[in-house]
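One structure is given here, and the rest of the page talks about it.
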Amino acid sequence: MSSTYTVVNPATEEQVTEIHLATLEETDAVIERAADAYPAWRDLPPGERATLLRRFACLVDEHVDELAELEVRNSGHTWGNATWEARNVRDVLNYYSAAPERLTGHQIPVAGGINVTFHEPLGVVGIIVPWNFPMPIAGWGFGPALAAGNTVVLKPAELTPLTAIRLGELGLEAGLPEGVFSVIPGKGSVVGERFVTHPAVRKVCFTGSTEVGKKIMAGAADQVKRVTLELGGKSANIVFADADLAKAAASAPSAVFDNAGQDCCARSRILVERSAYDEFVSLLEPAVKGVKVLDPSDRTSEMGPLISAAQKTTVQGFVDEVEVAFSGSVPDGPGFWFAPTVVLAGDTQQRIWREEVFGPVVAVMPFDSEEEAIRLANDTEFGLSGSIFTHDLGRALRVSRGVEAGNLSVNSHSSVRYWTPFGGFKQSGLGRELGPDAPHSFTDVKNVFFSND
Ligand code: NDP
């Protein structure tokens, strides 16, 4: 049955546009077109595939402002974030445009002939993205997948389809043949689930909640379909007493309140060595109160609204269970605003300490030893990201080896560089995106022995 979705600007609650949501039949038709387009795309000389991806990157570059403006209106992202996100798609396409000519296998010594491996593309890849970072997360999938010779069907989140649709148009304008890169706006329960069940889709790349990720993994088992999962997080920001406390406190708000806390890498638990705890909290308070929460159409805004009224209710539910130590401010008027909020946590069983809030809320807790810091950081089902602040190199090494997480930063909150691998330990995911090996994850290895005889 045909249906539509009204896109709403989360900063103003104004309607932006209406989007047609794909039916099951329409989804099947697009997947089948992608399957038809696959052999020619796979067999295109690598240099030609590379040229088309570079042209796509150039077009994204020419449309950075347009894409960013769309994201500001659709997702409430700040201008600074939205332009970074559009440029990230450009950079990812440029980076992986070098892959088609470099997707080499091995020649392995054997008796009686030669043995060669080939990295063969899979076919149609289905990419399901969430609403928190619509552009980059899509690009981290379709960039390397296309470079490796697959065709791609992309399902944006229902709430945030606009930039994905525009990227689909730019791909066509760049000369990607019909069916090579298709965007299908629609519901997770229709389009997303069909990616999992349709036999022509050979791999599903999913970013979103752990709950849906598990469902996709279970569904994919039926056809032994390949999956990459980027799921939730509850990352720790560990601050030792010897660290530059002013730097750690000044940067802690952006590490968790960036994108209004709707970030799988958000450092939403701050662990501070007890001897520095009071000083750190007193430095954190002005930093949190100073976060400029403004309509993201104001280019000085440092934090925008939450994505939806429903997300605001969810976040409020977490905060209602605890005592707030201090918080920032939000604009008056309409919009799904939530103030940057700090909780001084005492109980590791509180929901706010254990679950992904996906809002601008951080819990701070003291620790007494290096071992306790590692134990507390690891006391979670997640393992995506985290930071360690210390000037002691040996400790930085020990703690970064001890924390069970896929992406750690020492004396920094940086999580994502497109040329380094990104992904989670434990229930934060399966597989890695980005980095030099990402195109390989969109291939299967074929091993061939050629006899001398
Ligand atoms: P979901 O995991 O439900 O959605 C992510 C994507 O998956 C969307 O495109 C969604 O489509 C799609 N989807 C939903 N159900 C299915 C399904 N059964 N099969 C295939 N695809 C599906 O996240 P929500 O948007 O509901 O957010 C809920 C919570 O999840 C957040 O509060 C946050 O805690 C967490 N989350 C974590 C993210 C992360 O990066 N770690 C990202 C997003 C959310 P549709 O838009 O139609 O629902």
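To be explicit about the labels: the chains of the structure tokens are called A, B, and onward in the order shown, and within each one the residues are counted from 1, while ligands get numbers from 1 in the order they are shown.
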
TODO: Select the residues contacting ligand 1 at a distance of at most 9 Å, based on only C-alpha atoms and all ligand atoms, then format the selection as number ranges by chain.
DONE: A: 127-133, 137, 155-161, 185-196, 206-213, 215-216, 219, 230-233, 262-265, 311, 314-315, 355-359, 384, 428

Task: Atomic separation - atom CA of Val448 of chain A relative to atom CA of Asn150 of chain A, Å - done: 21.3 Å

Could you please write out, as a JSON list (two decimals) with N, CA and C atoms, in the first residue's frame, every residue of segment 339-386 of chain A that DSSP assigns to helix (DSSP H, G or I)?
```
[["chain", "number", "residue", "atom", "x", "y", "z"],
["A", 351, "ARG", "N", 19.94, 3.32, 34.65],
["A", 351, "ARG", "CA", 19.77, 3.24, 33.19],
["A", 351, "ARG", "C", 20.66, 4.26, 32.49],
["A", 352, "ILE", "N", 20.78, 5.43, 33.09],
["A", 352, "ILE", "CA", 21.55, 6.50, 32.45],
["A", 352, "ILE", "C", 23.03, 6.12, 32.30],
["A", 353, "TRP", "N", 23.48, 5.21, 33.17],
["A", 353, "TRP", "CA", 24.88, 4.76, 33.11],
["A", 353, "TRP", "C", 25.04, 3.58, 32.17],
["A", 354, "ARG", "N", 23.97, 2.84, 31.93],
["A", 354, "ARG", "CA", 24.10, 1.59, 31.18],
["A", 354, "ARG", "C", 23.60, 1.67, 29.73],
["A", 370, "GLU", "N", 43.77, 2.79, 38.13],
["A", 370, "GLU", "CA", 43.77, 2.47, 36.69],
["A", 370, "GLU", "C", 42.92, 1.23, 36.42],
["A", 371, "GLU", "N", 43.07, 0.24, 37.28],
["A", 371, "GLU", "CA", 42.33, -1.02, 37.09],
["A", 371, "GLU", "C", 40.82, -0.77, 37.19],
["A", 372, "GLU", "N", 40.45, 0.08, 38.17],
["A", 372, "GLU", "CA", 39.01, 0.35, 38.33],
["A", 372, "GLU", "C", 38.47, 1.11, 37.11],
["A", 373, "ALA", "N", 39.28, 2.03, 36.59],
["A", 373, "ALA", "CA", 38.83, 2.79, 35.40],
["A", 373, "ALA", "C", 38.56, 1.84, 34.24],
["A", 374, "ILE", "N", 39.46, 0.88, 34.03],
["A", 374, "ILE", "CA", 39.27, -0.07, 32.93],
["A", 374, "ILE", "C", 38.04, -0.94, 33.19],
["A", 375, "ARG", "N", 37.91, -1.37, 34.45],
["A", 375, "ARG", "CA", 36.77, -2.24, 34.78],
["A", 375, "ARG", "C", 35.44, -1.49, 34.54],
["A", 376, "LEU", "N", 35.38, -0.24, 35.01],
["A", 376, "LEU", "CA", 34.14, 0.54, 34.82],
["A", 376, "LEU", "C", 33.88, 0.79, 33.33],
["A", 377, "ALA", "N", 34.93, 1.13, 32.60],
["A", 377, "ALA", "CA", 34.75, 1.41, 31.16],
["A", 377, "ALA", "C", 34.21, 0.17, 30.44],
["A", 378, "ASN", "N", 34.67, -1.00, 30.87],
["A", 378, "ASN", "CA", 34.26, -2.25, 30.21],
["A", 378, "ASN", "C", 32.97, -2.84, 30.73]]
```

Can you tell me which residues surround Lys426 of chain A at a distance of at most 10 Å, considering only C-alpha atoms, apart from same-chain residues fewer than 2 positions away, and format the answer as a CSV table (one decimal) with C-alpha atoms, in the first residue's frame?
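Final file, part00.csv:
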```csv
chain,number,residue,atom,x,y,z
A,231,LEU,CA,25.3,-0.4,16.5
A,233,GLY,CA,27.6,2.7,22.2
A,380,THR,CA,28.8,-2.4,29.4
A,381,GLU,CA,27.5,-4.6,26.6
A,382,PHE,CA,28.8,-2.0,24.2
A,383,GLY,CA,32.4,-1.3,22.9
A,384,LEU,CA,32.4,1.3,20.2
A,404,GLU,CA,37.3,-3.2,25.0
A,405,ALA,CA,36.3,-0.8,22.2
A,406,GLY,CA,37.0,-0.5,18.5
A,424,GLY,CA,32.7,-1.8,17.4
A,428,SER,CA,28.5,-2.3,19.2
A,429,GLY,CA,28.8,-4.2,16.0
A,430,LEU,CA,30.3,-6.6,13.6
```

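For the choices A:Val256, A:Ala147, A:Val201, A:Ala266, the atom-to-atom distance to Trp41 of chain A is smallest for A:Ala147 when using only C-alpha atoms.
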
TODO: Name all residues at most 12 Å from Lys247 of chain A (count only C-alpha atoms; drop same-chain ones fewer than 3 positions away) and give them as a ChimeraX atom specification.
DONE: /A:239,242-244,250-254,280,283-284,287,389-390,411-413
